[in-house]
file start_10.txt (compact mmCIF, C-alpha atoms)
# COMPACT_ATOMS: atom_id res chain seq x y z
CA MET A 213 -7.26 -9.97 27.67
CA GLU A 214 -5.58 -12.47 29.88
CA TYR A 215 -2.01 -13.67 29.75
CA LYS A 216 0.40 -15.90 31.57
CA LYS A 217 4.18 -15.56 31.73
CA VAL A 218 6.11 -18.83 31.58
CA LYS A 219 9.90 -18.41 31.64
CA ASN A 220 10.70 -16.44 28.46
CA HIS A 221 7.21 -16.78 26.93
CA ILE A 222 4.02 -14.82 27.37
CA ILE A 223 0.89 -16.72 26.40
CA VAL A 224 -1.98 -14.36 25.55
CA ARG A 225 -5.72 -14.82 25.05
CA LEU A 226 -7.64 -11.96 23.49
CA ASP A 227 -11.43 -11.87 23.71
CA VAL A 228 -14.26 -10.44 21.60
CA GLY A 229 -13.75 -6.76 20.74
CA GLU A 230 -10.14 -6.53 21.85
CA GLU A 231 -7.56 -5.17 19.44
CA ILE A 232 -4.29 -7.01 18.74
CA ILE A 233 -1.72 -4.20 18.41
CA SER A 234 -2.89 -2.17 21.42
CA SER A 235 -3.14 -5.33 23.56
CA ILE A 236 0.43 -6.35 22.73
CA MET A 237 1.60 -2.78 23.36
CA ASN A 238 0.06 -2.89 26.84
CA ILE A 239 1.91 -6.12 27.63
CA LEU A 240 5.23 -4.76 26.34
CA LYS A 241 4.95 -1.69 28.55
CA TYR A 242 3.74 -3.52 31.65
CA GLU A 243 6.29 -6.34 31.40
CA LYS A 244 9.08 -4.01 30.19
CA ILE A 245 9.89 -6.19 27.19
CA SER A 246 12.56 -4.87 24.81
CA PHE A 247 12.62 -7.58 22.16
CA ALA A 248 10.34 -10.52 21.34
CA THR A 249 8.94 -12.56 18.51
CA VAL A 250 5.17 -12.75 18.03
CA THR A 251 3.06 -15.61 16.66
CA GLY A 252 -0.67 -16.18 16.76
CA ILE A 253 -3.98 -17.38 15.35
CA GLY A 254 -7.61 -16.47 15.96
CA ALA A 255 -10.64 -14.81 14.42
CA THR A 256 -11.34 -11.22 13.41
CA ASN A 257 -14.24 -9.30 11.93
CA ASN A 258 -12.53 -5.96 11.31
CA PHE A 259 -8.87 -5.49 10.39
CA THR A 260 -6.57 -3.22 8.44
CA VAL A 261 -3.40 -4.41 6.70
CA GLY A 262 -1.10 -2.66 4.29
CA THR A 263 1.59 -3.11 1.72
CA TYR A 264 4.57 -0.79 1.46
CA ASP A 265 5.45 1.07 -1.73
CA VAL A 266 9.21 1.63 -1.44
CA THR A 267 9.34 4.02 -4.42
CA ASN A 268 6.82 6.43 -2.91
CA GLN A 269 7.68 5.50 0.70
CA LEU A 270 4.10 4.98 1.83
CA TYR A 271 1.73 2.23 2.91
CA LYS A 272 -1.42 1.38 1.01
CA LYS A 273 -3.89 0.31 3.68
CA SER A 274 -6.89 -1.96 3.11
CA ASN A 275 -9.68 -2.56 5.63
CA TYR A 276 -11.66 -5.79 5.72
CA LYS A 277 -14.90 -6.52 7.57
CA GLY A 278 -16.74 -9.81 7.87
CA VAL A 279 -15.97 -13.32 9.03
CA TYR A 280 -12.21 -14.01 8.91
CA GLU A 281 -9.90 -16.63 10.40
CA ILE A 282 -6.43 -15.36 11.32
CA VAL A 283 -4.31 -18.01 9.66
CA SER A 284 -0.99 -16.37 10.44
CA LEU A 285 0.19 -13.66 12.79
CA LEU A 286 3.97 -13.21 12.68
CA GLY A 287 6.33 -10.49 13.72
CA ASN A 288 8.52 -8.98 16.35
CA THR A 289 8.73 -6.24 18.91
CA SER A 290 11.68 -3.97 19.49
CA THR A 291 12.17 -0.34 20.49
CA MET A 292 12.48 2.98 18.73
CA ASN A 293 13.41 6.16 20.60
CA ASN A 294 13.16 4.22 23.87
CA GLU A 295 9.51 3.28 23.21
CA PRO A 296 8.08 -0.16 22.34
CA TYR A 297 7.81 -0.77 18.60
CA ILE A 298 5.62 -3.49 17.06
CA HIS A 299 6.13 -4.94 13.58
CA ILE A 300 3.60 -7.66 12.74
CA HIS A 301 2.19 -9.12 9.53
CA MET A 302 -1.14 -10.93 9.41
CA SER A 303 -2.93 -13.18 6.93
CA ALA A 304 -6.64 -13.90 7.24
CA ALA A 305 -9.01 -16.17 5.31
CA ASP A 306 -12.63 -15.34 4.52
CA LYS A 307 -15.55 -17.82 4.42
CA ASN A 308 -14.47 -18.91 0.90
CA ASN A 309 -10.88 -19.49 2.05
CA ASN A 310 -9.57 -16.48 0.13
CA VAL A 311 -6.58 -15.11 2.01
CA VAL A 312 -5.53 -11.47 2.32
CA GLY A 313 -2.76 -10.04 4.39
CA GLY A 314 0.08 -7.63 4.89
CA HIS A 315 1.54 -5.33 7.52
CA LEU A 316 -0.93 -5.26 10.41
CA ASN A 317 -2.28 -1.86 11.43
CA GLU A 318 -5.13 -3.10 13.61
CA ALA A 319 -7.38 -6.11 14.06
CA TYR A 320 -10.40 -6.55 16.33
CA ILE A 321 -11.14 -10.00 17.69
CA SER A 322 -14.50 -11.59 16.82
CA ALA A 323 -14.16 -14.81 18.84
CA THR A 324 -10.70 -15.25 20.36
CA ALA A 325 -7.02 -14.93 19.55
CA GLU A 326 -4.16 -17.06 20.86
CA ILE A 327 -0.86 -15.21 20.76
CA VAL A 328 2.59 -16.16 22.03
CA LEU A 329 5.41 -13.70 22.65
CA GLU A 330 8.85 -15.24 22.95
CA ILE A 331 11.06 -12.87 24.88
CA ILE A 332 14.63 -12.64 23.61
CA GLU A 333 17.21 -11.16 25.96
CA ALA A 334 18.38 -8.42 23.61
CA ASN A 335 18.01 -4.71 23.08
CA VAL A 336 17.30 -4.00 19.44
CA ASP A 337 16.44 -0.43 18.51
CA ARG A 338 15.17 0.93 15.21
CA ILE A 339 16.22 3.82 13.01
CA LYS A 340 14.55 5.38 9.98
CA ASP A 341 16.30 4.31 6.78
CA PRO A 342 16.50 7.31 4.42
CA ASN A 343 16.66 5.04 1.35
CA THR A 344 13.43 3.13 1.99
CA GLY A 345 11.65 5.27 4.58
CA LEU A 346 11.24 2.18 6.79
CA ASN A 347 12.12 1.90 10.47
CA ILE A 348 14.80 -0.79 10.34
CA PHE A 349 16.82 -2.63 12.99
CA LYS A 350 19.73 -0.60 14.35
CA PHE A 351 22.66 -2.66 15.64

call {"tool": "encode", "arguments": {"input": "start_10.txt", "output": "structure tokens"}}
result
Amino acid sequence: MEYKKVKNHIIVRLDVGEEIISSIMNILKYEKISFATVTGIGATNNFTVGTYDVTNQLYKKSNYKGVYEIVSLLGNTSTMNNEPYIHIHMSAADKNNNVVGGHLNEAYISATAEIVLEIIEANVDRIKDPNTGLNIFKF
């Protein structure tokens, strides 16, 4: 991983074998970032995304392996219990242009990924919502 900080943006390049969530977590800790938006594109050959079942308050995870283009990587970072918290969704297209996606659990890079974090000067924490079971923004 390499990255460059330009004013309130961090421009990131991930290389083969690197994992998206853990790489962003490392940047958040090193740069002491409290809140940011995340966007990106790239390629992956092994990723896990999920969808949330509010009624049962659990994620259904699905793992995909093969040749995939990351067509959308969107989300934000905040904090929860004074620790960095990452909330990202990802969509990826296979060789037939079929797209799958959801809440990103992990994704390993097969070629490269280009990610931009836009730092927002704010402290936004999260709290567990008893109604949904989700960790939601706490203002």

call {"tool": "atom_distance", "arguments": {"input": "start_10.txt", "atom1": "atom CA of A:Lys350", "atom2": "atom CA of A:Asn220"}}
result
23.1 Å

call {"tool": "residues_around", "arguments": {"input": "start_10.txt", "residues": "stretch 260-262 of chain A", "least_positions_apart": "2", "cutoff": "10 Å", "atoms": "only C-alpha atoms", "output": "ChimeraX atom specification"}}
result
/A:258,264-265,270-277,300-303,312-320

call {"tool": "atom_distance", "arguments": {"input": "start_10.txt", "atom1": "atom CA of A:Leu346", "atom2": "atom CA of A:Met237"}}
result
19.8 Å

call {"tool": "closest_residue", "arguments": {"input": "start_10.txt", "among": "A:Ile233, A:Phe259, A:Val311, A:Asn335", "to": "A:Ile298", "atoms": "all atoms listed in the file"}}
result
A:Ile233

call {"tool": "residues_around", "arguments": {"input": "start_10.txt", "residues": "A:Glu330", "least_positions_apart": "2", "cutoff": "10 Å", "atoms": "only C-alpha atoms", "output": "VMD selection string"}}
result
chain A and resid 217 to 223 247 to 251 288 to 289 327 to 328 332 to 333

call {"tool": "closest_residue", "arguments": {"input": "start_10.txt", "among": "A:Asn310, A:Thr263, A:Asn294, A:Asn268", "to": "A:Ser246", "atoms": "only C-alpha atoms"}}
result
A:Asn294

call {"tool": "closest_residue", "arguments": {"input": "start_10.txt", "among": "A:Lys241, A:Gly252, A:Glu295, A:Asp227", "to": "A:Glu326", "atoms": "all atoms listed in the file"}}
result
A:Gly252

call {"tool": "atom_distance", "arguments": {"input": "start_10.txt", "atom1": "atom CA of A:Ile348", "atom2": "atom CA of A:Met292"}}
result
9.5 Å

call {"tool": "closest_residue", "arguments": {"input": "start_10.txt", "among": "A:Gly254, A:Glu231, A:Ile236, A:Tyr280", "to": "A:Tyr297", "atoms": "all atoms listed in the file"}}
result
A:Ile236

call {"tool": "closest_residue", "arguments": {"input": "start_10.txt", "among": "A:Ala255, A:Leu226, A:Leu285, A:Val336", "to": "A:Ile239", "atoms": "only C-alpha atoms"}}
result
A:Leu226

call {"tool": "closest_residue", "arguments": {"input": "start_10.txt", "among": "A:Arg225, A:His299, A:Lys307, A:Arg338", "to": "A:Gly278", "atoms": "only C-alpha atoms"}}
result
A:Lys307

call {"tool": "residues_around", "arguments": {"input": "start_10.txt", "residues": "A:Glu281", "least_positions_apart": "3", "cutoff": "8 Å", "atoms": "all atoms listed in the file", "output": "ChimeraX atom specification"}}
result
/A:253-256,304-306

call {"tool": "residues_around", "arguments": {"input": "start_10.txt", "residues": "A:Thr344", "least_positions_apart": "3", "cutoff": "8 Å", "atoms": "only C-alpha atoms", "output": "PDB file with C-alpha atoms, in the coordinates of the input"}}
result
ATOM      1  CA  VAL A 266       9.210   1.630  -1.440  1.00  0.00           C
ATOM      2  CA  THR A 267       9.340   4.020  -4.420  1.00  0.00           C
ATOM      3  CA  GLN A 269       7.680   5.500   0.700  1.00  0.00           C
ATOM      4  CA  ASP A 341      16.300   4.310   6.780  1.00  0.00           C
TER       5      ASP A 341
END
